[in-house]
$ cat model_36.cif   # mmCIF, C-alpha atoms
data_coords
#
loop_
_atom_site.label_atom_id
_atom_site.label_comp_id
_atom_site.auth_asym_id
_atom_site.auth_seq_id
_atom_site.Cartn_x
_atom_site.Cartn_y
_atom_site.Cartn_z
CA MET N 13 0.00 0.00 0.00
CA GLU N 14 2.81 2.42 0.86
CA ALA N 15 4.53 1.72 -2.45
CA LEU N 16 1.27 2.26 -4.31
CA LYS N 17 0.75 5.64 -2.61
CA GLN N 18 4.23 6.77 -3.59
CA GLU N 19 3.64 5.54 -7.13
CA LEU N 20 0.33 7.42 -7.29
CA LYS N 21 1.88 10.67 -6.13
CA GLY N 22 4.47 10.44 -8.88
CA LYS N 23 1.86 9.64 -11.50
CA ILE N 24 -0.42 12.47 -10.39
CA ILE N 25 2.44 14.95 -10.68
CA GLU N 26 3.44 13.61 -14.09
CA VAL N 27 -0.02 13.20 -15.63
CA LEU N 28 -1.38 16.50 -14.32
CA ASN N 29 1.82 18.47 -15.02
CA LEU N 30 2.15 19.71 -11.44
CA GLU N 31 5.54 21.19 -12.21
CA ASP N 32 6.14 22.94 -8.90
CA ILE N 33 5.11 20.08 -6.61
CA ALA N 34 7.36 17.24 -5.41
CA VAL N 35 6.24 13.76 -4.30
CA GLU N 36 7.34 14.44 -0.72
CA GLU N 37 5.14 17.54 -0.57
CA ILE N 38 1.95 15.53 -1.03
CA ASN N 39 0.63 14.00 2.18
CA ASP N 40 -1.47 10.85 1.98
CA ASN N 41 -4.56 12.63 3.28
CA ASP N 42 -4.19 15.98 1.51
CA ALA N 43 -7.32 17.00 -0.39
CA LEU N 44 -6.68 16.61 -4.11
CA PHE N 45 -9.34 19.16 -5.05
CA GLY N 46 -10.31 22.48 -3.47
CA ASP N 47 -7.82 23.79 -0.96
CA GLY N 48 -5.41 20.88 -1.29
CA LEU N 49 -3.61 20.42 -4.58
CA GLY N 50 -6.19 22.65 -6.26
CA LEU N 51 -7.01 20.25 -9.07
CA ASP N 52 -9.81 21.13 -11.51
CA SER N 53 -12.49 19.26 -13.45
CA ILE N 54 -10.19 18.38 -16.36
CA ASP N 55 -7.72 16.94 -13.84
CA ALA N 56 -10.55 14.77 -12.49
CA LEU N 57 -11.12 13.38 -15.98
CA GLU N 58 -7.40 12.68 -16.32
CA LEU N 59 -7.46 10.75 -13.03
CA ILE N 60 -10.32 8.62 -14.40
CA VAL N 61 -8.19 7.87 -17.48
CA LEU N 62 -5.25 7.06 -15.18
CA LEU N 63 -7.31 4.49 -13.26
CA ASP N 64 -8.37 2.86 -16.52
CA LYS N 65 -5.00 2.93 -18.26
CA ASP N 66 -2.71 1.91 -15.42
CA TYR N 67 -4.91 -0.15 -13.14
CA GLY N 68 -7.65 -1.50 -15.42
CA ILE N 69 -10.44 0.19 -13.46
CA LYS N 70 -13.36 1.67 -15.38
CA LEU N 71 -15.46 4.07 -13.34
CA THR N 72 -19.07 3.56 -14.34
CA ASP N 73 -20.55 5.87 -11.70
CA PRO N 74 -19.18 9.43 -12.11
CA LYS N 75 -20.46 10.34 -8.64
CA ALA N 76 -18.14 7.74 -7.13
CA GLY N 77 -15.19 9.90 -8.18
CA LYS N 78 -15.93 12.39 -5.44
CA THR N 79 -15.18 9.78 -2.81
CA ILE N 80 -12.40 7.97 -4.63
CA PHE N 81 -10.45 11.12 -5.49
CA GLN N 82 -10.58 12.71 -2.04
CA SER N 83 -6.92 12.00 -1.39
CA VAL N 84 -4.03 9.73 -2.34
CA GLU N 85 -5.07 7.52 0.58
CA THR N 86 -8.62 7.00 -0.74
CA MET N 87 -7.35 6.46 -4.28
CA ALA N 88 -4.85 3.85 -3.15
CA THR N 89 -7.50 2.01 -1.14
CA TYR N 90 -9.90 1.96 -4.08
CA ILE N 91 -7.21 0.80 -6.50
CA THR N 92 -6.09 -1.97 -4.14
CA ASP N 93 -9.66 -3.25 -3.89
CA ASN N 94 -10.57 -2.96 -7.57
CA ARG N 95 -7.49 -3.19 -9.78
CA THR N 96 -7.45 -5.68 -12.65
CA LYS N 97 -3.82 -5.06 -13.61
CA MET K 6 12.58 40.91 -27.88
CA VAL K 7 10.48 43.83 -26.66
CA ASN K 8 10.58 46.96 -28.79
CA GLY K 9 13.78 45.70 -30.39
CA VAL K 10 15.54 44.95 -27.10
CA LYS K 11 16.49 41.36 -26.36
CA GLN K 12 14.92 40.16 -23.11
CA PHE K 13 15.86 36.51 -22.95
CA GLU K 14 17.49 33.80 -25.02
CA LEU K 15 18.25 30.12 -24.68
CA GLU K 16 20.07 28.46 -27.52
CA GLN K 17 19.88 24.84 -28.60
CA ALA K 18 16.87 24.10 -26.44
CA SER K 19 13.59 22.39 -27.21
CA PHE K 20 10.51 24.57 -27.01
CA SER K 21 9.56 22.88 -23.77
CA GLU K 22 12.92 23.76 -22.23
CA PHE K 23 12.81 27.29 -23.62
CA ALA K 24 9.26 27.89 -22.37
CA LYS K 25 10.07 26.65 -18.86
CA ALA K 26 13.25 28.73 -18.70
CA ALA K 27 11.45 31.85 -19.94
CA TYR K 28 8.64 31.34 -17.40
CA LYS K 29 11.19 31.17 -14.60
CA ASN K 30 13.32 34.01 -15.99
CA PHE K 31 10.37 36.41 -15.93
CA ASN K 32 9.20 35.14 -12.52
CA MET K 33 5.75 34.28 -13.80
CA ASP K 34 3.75 32.79 -10.96
CA TYR K 35 0.97 30.89 -12.70
CA PRO K 36 1.17 27.09 -12.21
CA LYS K 37 -1.56 26.49 -14.81
CA PHE K 38 1.07 27.45 -17.38
CA PHE K 39 2.52 23.94 -17.13
CA LYS K 40 -0.81 22.38 -18.07
CA MET K 41 -1.09 24.33 -21.32
CA ASP K 42 -0.27 22.98 -24.76
CA ASN K 43 2.67 24.46 -26.63
CA LEU K 44 0.64 26.97 -28.65
CA SER K 45 -0.94 28.34 -25.48
CA LYS K 46 2.43 28.45 -23.71
CA LEU K 47 3.87 30.43 -26.60
CA ALA K 48 0.96 32.88 -26.70
CA PHE K 49 0.95 33.16 -22.92
CA LEU K 50 4.67 33.93 -22.64
CA ALA K 51 4.53 36.57 -25.37
CA SER K 52 1.40 38.23 -24.03
CA GLU K 53 2.57 38.26 -20.41
CA ILE K 54 5.50 40.47 -21.28
CA ILE K 55 3.22 43.03 -22.95
CA LEU K 56 0.12 42.79 -20.78
CA GLY K 57 2.07 42.79 -17.54
CA SER K 58 2.46 46.55 -17.77
CA LYS K 59 -0.88 47.28 -19.46
CA VAL K 60 -3.41 45.40 -17.34
CA LYS K 61 -4.59 47.26 -14.26
CA GLU K 62 -5.54 45.04 -11.34
CA GLY K 63 -9.07 45.45 -10.05
CA GLU K 64 -10.26 47.42 -13.08
CA GLU K 65 -12.06 46.45 -16.25
CA ASN K 66 -9.43 46.13 -18.93
CA ASN K 67 -11.09 46.38 -22.32
CA ILE K 68 -8.19 44.92 -24.28
CA ALA K 69 -9.33 42.87 -27.27
CA LEU K 70 -7.20 39.91 -28.37
CA VAL K 71 -6.84 39.25 -32.09
CA PHE K 72 -4.41 36.49 -33.03
CA ALA K 73 -3.66 34.50 -36.13
CA ASN K 74 -1.42 31.68 -37.28
CA GLN K 75 -0.87 29.16 -40.04
CA SER K 76 -1.10 25.79 -38.31
CA SER K 77 -4.12 26.39 -36.10
CA SER K 78 -3.92 23.85 -33.25
CA LEU K 79 -2.51 21.12 -35.52
CA ASP K 80 0.39 20.29 -33.21
CA THR K 81 -1.99 19.35 -30.41
CA ASP K 82 -4.49 17.81 -32.84
CA VAL K 83 -1.78 15.38 -33.98
CA LYS K 84 -0.88 14.60 -30.38
CA TYR K 85 -4.52 13.90 -29.55
CA GLN K 86 -4.94 11.76 -32.67
CA GLY K 87 -2.03 9.67 -31.43
CA SER K 88 -3.93 8.87 -28.24
CA ILE K 89 -6.98 7.52 -30.09
CA ALA K 90 -5.37 5.89 -33.14
CA ASP K 91 -4.87 2.45 -31.58
CA LYS K 92 -8.10 0.67 -30.63
CA GLU K 93 -6.15 -1.65 -28.35
CA ASN K 94 -4.57 1.27 -26.54
CA TYR K 95 -7.39 3.80 -26.64
CA PHE K 96 -6.92 6.37 -23.90
CA PRO K 97 -7.95 9.84 -25.14
CA SER K 98 -6.60 12.53 -22.86
CA PRO K 99 -9.15 15.16 -21.75
CA ALA K 100 -6.32 17.54 -20.88
CA VAL K 101 -4.97 17.33 -24.43
CA PHE K 102 -8.40 17.43 -26.06
CA VAL K 103 -9.30 20.79 -24.52
CA TYR K 104 -6.45 22.39 -26.50
CA THR K 105 -7.56 21.11 -29.90
CA LEU K 106 -8.76 24.57 -30.94
CA PRO K 107 -6.40 27.47 -31.62
CA ASN K 108 -8.46 30.09 -29.81
CA ILE K 109 -7.99 28.27 -26.50
CA CYS K 110 -4.75 30.22 -26.13
CA ILE K 111 -6.79 33.42 -26.14
CA GLY K 112 -8.98 31.93 -23.43
CA GLU K 113 -5.94 31.19 -21.29
CA ILE K 114 -4.74 34.79 -21.56
CA SER K 115 -8.24 36.11 -20.85
CA ILE K 116 -8.54 33.93 -17.74
CA ARG K 117 -5.12 35.01 -16.55
CA HIS K 118 -5.99 38.73 -16.78
CA LYS K 119 -9.75 38.47 -16.21
CA LEU K 120 -10.41 39.94 -19.65
CA GLN K 121 -14.00 39.80 -20.87
CA SER K 122 -13.17 41.56 -24.09
CA GLU K 123 -13.64 40.90 -27.79
CA ASN K 124 -11.43 38.20 -29.20
CA ALA K 125 -10.83 36.34 -32.43
CA PHE K 126 -8.36 33.83 -33.79
CA PHE K 127 -7.81 33.59 -37.55
CA VAL K 128 -5.97 30.98 -39.57
CA PHE K 129 -4.08 32.26 -42.62
CA GLU K 130 -1.52 30.76 -44.94
CA ASP K 131 0.75 33.72 -44.14
CA PHE K 132 0.67 36.71 -41.84
CA ASN K 133 -1.96 39.06 -43.25
CA ALA K 134 -1.02 42.55 -42.08
CA GLU K 135 -3.81 44.26 -44.00
CA PHE K 136 -6.52 42.09 -42.48
CA MET K 137 -5.12 42.40 -38.96
CA THR K 138 -4.76 46.17 -39.29
CA ASN K 139 -8.31 46.62 -40.57
CA TYR K 140 -9.75 44.34 -37.90
CA ALA K 141 -7.99 46.15 -35.04
CA ASP K 142 -8.94 49.56 -36.44
CA LEU K 143 -12.57 48.49 -36.65
CA LEU K 144 -12.61 47.35 -33.02
CA LEU K 145 -11.21 50.69 -31.90
CA ALA K 146 -13.40 52.79 -34.22
CA THR K 147 -16.59 51.09 -33.05
CA ASN K 148 -15.54 51.33 -29.38
CA LYS K 149 -15.57 47.56 -29.03
CA ALA K 150 -12.18 47.85 -27.37
CA GLU K 151 -9.89 50.47 -25.89
CA LYS K 152 -6.79 48.56 -26.94
CA VAL K 153 -6.17 45.58 -29.17
CA LEU K 154 -3.42 43.05 -28.61
CA CYS K 155 -2.73 41.68 -32.09
CA GLY K 156 -0.31 39.18 -33.44
CA TRP K 157 0.90 35.97 -34.93
CA VAL K 158 1.39 32.92 -32.71
CA GLU K 159 2.49 29.94 -34.76
CA TYR K 160 3.55 26.58 -33.36
CA TYR K 161 3.95 23.26 -35.12
CA GLN K 162 6.38 20.54 -34.07
CA GLU K 163 9.15 22.71 -32.62
CA ASN K 164 8.85 25.40 -35.31
CA TYR K 165 7.43 28.47 -33.69
CA LYS K 166 7.17 32.23 -33.88
CA ALA K 167 5.28 34.78 -31.81
CA ILE K 168 4.96 38.45 -32.69
CA LEU K 169 2.56 40.51 -30.63
CA TYR K 170 1.86 44.24 -30.69
CA MET K 171 -0.58 46.50 -28.91
CA VAL K 172 -2.79 48.87 -30.89
CA GLU K 173 -4.41 51.84 -29.19
CA LYS K 174 -5.80 55.20 -30.26
CA GLN K 175 -2.77 57.12 -28.99
CA GLY K 176 0.04 54.74 -29.81
CA ASP K 177 3.73 55.43 -30.37
CA LEU K 178 3.72 54.40 -34.03
CA GLU K 179 1.25 54.87 -36.83
CA HIS K 180 -0.92 51.80 -37.27
CA ASN K 181 -0.81 50.67 -40.88
CA LYS K 182 0.00 47.47 -42.73
CA GLU K 183 3.51 48.60 -43.72
CA ILE K 184 4.56 49.18 -40.12
CA VAL K 185 2.86 46.02 -38.97
CA ASN K 186 4.67 44.07 -41.68
CA THR K 187 7.93 45.63 -40.53
CA LEU K 188 7.25 44.43 -36.98
CA TYR K 189 6.46 40.94 -38.23
CA ASN K 190 9.62 40.72 -40.34
CA LYS K 191 12.03 42.03 -37.70
#
$ encode --input "model_36.cif" --output "structure tokens"
Amino acid sequence: MEALKQELKGKIIEVLNLEDIAVEEINDNDALFGDGLGLDSIDALELIVLLDKDYGIKLTDPKAGKTIFQSVETMATYITDNRTK
Amino acid sequence: MVNGVKQFELEQASFSEFAKAAYKNFNMDYPKFFKMDNLSKLAFLASEIILGSKVKEGEENNIALVFANQSSSLDTDVKYQGSIADKENYFPSPAVFVYTLPNICIGEISIRHKLQSENAFFVFEDFNAEFMTNYADLLLATNKAEKVLCGWVEYYQENYKAILYMVEKQGDLEHNKEIVNTLYNK
């Protein structure tokens, strides 16, 4: 789980082009949207693509994203429970 | 270059390297810059240097944006096409897709400076000084804008050029196609 969280932080920075943020600056429970990393709606769509592409998870319920993408911690838990690759 | 004076240079660098270095050189504090496609980065960098001294914070800035280029958003279009070409590896990127129109770069500049002004993006084979001059004059004559930021922002696969100039009723130079052509060819 710890390795997955580190991996996710790196992927989030890379995929979302968060140029000025380093992996060590993202805490497991930091909010990804709003006051946390300040991600926007396009970033949310990119995270959905990330789940599909890298972990074989297709989100069928868009509302579920709100819970899944709360933080790196919630993402890692969801991926661990649902990944197909 | 601003008014003929060199501001920054970086030789033998990719556009990505150049853009990042220029952003840091001018101390631009706008993290969304790194999410933009190359055409928007080019237009953003060029416009920041001009608008930085023209835009007044907290006031309505009626500065129209009128840009043109040759390749439209083709560079990003090709990149997006690459993400949907393989049915076995079909992962279209929303963040790339949103830049598959050339006028998105105008939107980025407008968001940055809270401009709610007239804007247009034209695609021409070559820079059309007469058209640009007439269009800017019309915006000023009909009071659609107090100033017009005009120019050419072309980007396609590492070949790029940005020339921007501000047109206003009391400018430093006469506004005609000969002078505009001179600016473009400098």
$ interface_residues --input "model_36.cif" --of "chain N" --to "chain K" --cutoff "10 Å" --atoms "all atoms listed in the file" --output "PyMOL selection string"
chain N and resi 27-33+53-62+64-65
$ resolve_selection --input "model_36.cif" --expression "the PyMOL selection byres ((chain K and resi 151) around 6)" --output "mmCIF file with C-alpha atoms, keeping the file's coordinate frame"
data_model
loop_
_atom_site.group_PDB
_atom_site.id
_atom_site.type_symbol
_atom_site.label_atom_id
_atom_site.label_comp_id
_atom_site.auth_asym_id
_atom_site.auth_seq_id
_atom_site.Cartn_x
_atom_site.Cartn_y
_atom_site.Cartn_z
ATOM 1 C CA ASN K 67 -11.090 46.380 -22.320
ATOM 2 C CA ALA K 150 -12.180 47.850 -27.370
ATOM 3 C CA LYS K 152 -6.790 48.560 -26.940
#
$ closest_residue --input "model_36.cif" --among "N:Leu51, N:Ile80, N:Ile91, N:Ile38" --to "Gly68 (chain N)" --atoms "only C-alpha atoms"
N:Ile91
$ atom_distance --input "model_36.cif" --atom1 "CA of Asn94 (chain N)" --atom2 "CA of Asp47 (chain N)"
27.7 Å
$ residues_around --input "model_36.cif" --residues "Gly48 (chain N)" --least-positions-apart "5" --cutoff "12 Å" --atoms "all atoms listed in the file" --output "JSON, numbers by chain"
{"N": [33, 37, 38, 39, 40, 41, 42, 43, 81, 82, 83, 84]}
$ write_last_selection --input "model_36.cif" --atoms "C-alpha atoms" --output "compact mmCIF listing (two decimals), in the frame of the given file"
# COMPACT_ATOMS: atom_id res chain seq x y z
CA ILE N 33 5.11 20.08 -6.61
CA GLU N 37 5.14 17.54 -0.57
CA ILE N 38 1.95 15.53 -1.03
CA ASN N 39 0.63 14.00 2.18
CA ASP N 40 -1.47 10.85 1.98
CA ASN N 41 -4.56 12.63 3.28
CA ASP N 42 -4.19 15.98 1.51
CA ALA N 43 -7.32 17.00 -0.39
CA PHE N 81 -10.45 11.12 -5.49
CA GLN N 82 -10.58 12.71 -2.04
CA SER N 83 -6.92 12.00 -1.39
CA VAL N 84 -4.03 9.73 -2.34
$ resolve_selection --input "model_36.cif" --expression "the PyMOL selection byres ((chain K and resi 154-164) around 6)" --output "list in words"
Leu44, Leu70, Val71, Phe72, Ala73, Asn74, Asp80, Val153, Tyr165, Lys166, Ala167, Ile168, Leu169, Tyr170 and Met171 of chain K
$ residues_around --input "model_36.cif" --residues "Asp142 (chain K)" --least-positions-apart "3" --cutoff "10 Å" --atoms "only C-alpha atoms" --output "NGL selection string"
:K and (136-139 or 145-148 or 150 or 152-153 or 172-174 or 180-181)
$ atom_distance --input "model_36.cif" --atom1 "CA of Thr89 (chain N)" --atom2 "CA of Leu71 (chain N)"
14.7 Å
$ resolve_selection --input "model_36.cif" --expression "the PyMOL selection byres ((chain K and resi 109) around 12)" --output "ChimeraX atom specification"
/K:41-46,48-49,70,72,77-78,81,101-108,110-116,124-126
$ atom_distance --input "model_36.cif" --atom1 "CA of Gly50 (chain N)" --atom2 "CA of Lys61 (chain K)"
25.9 Å
$ closest_residue --input "model_36.cif" --among "K:Glu14, K:Asp91, K:Glu53, K:Glu183" --to "Ala134 (chain K)" --atoms "all atoms listed in the file"
K:Glu183
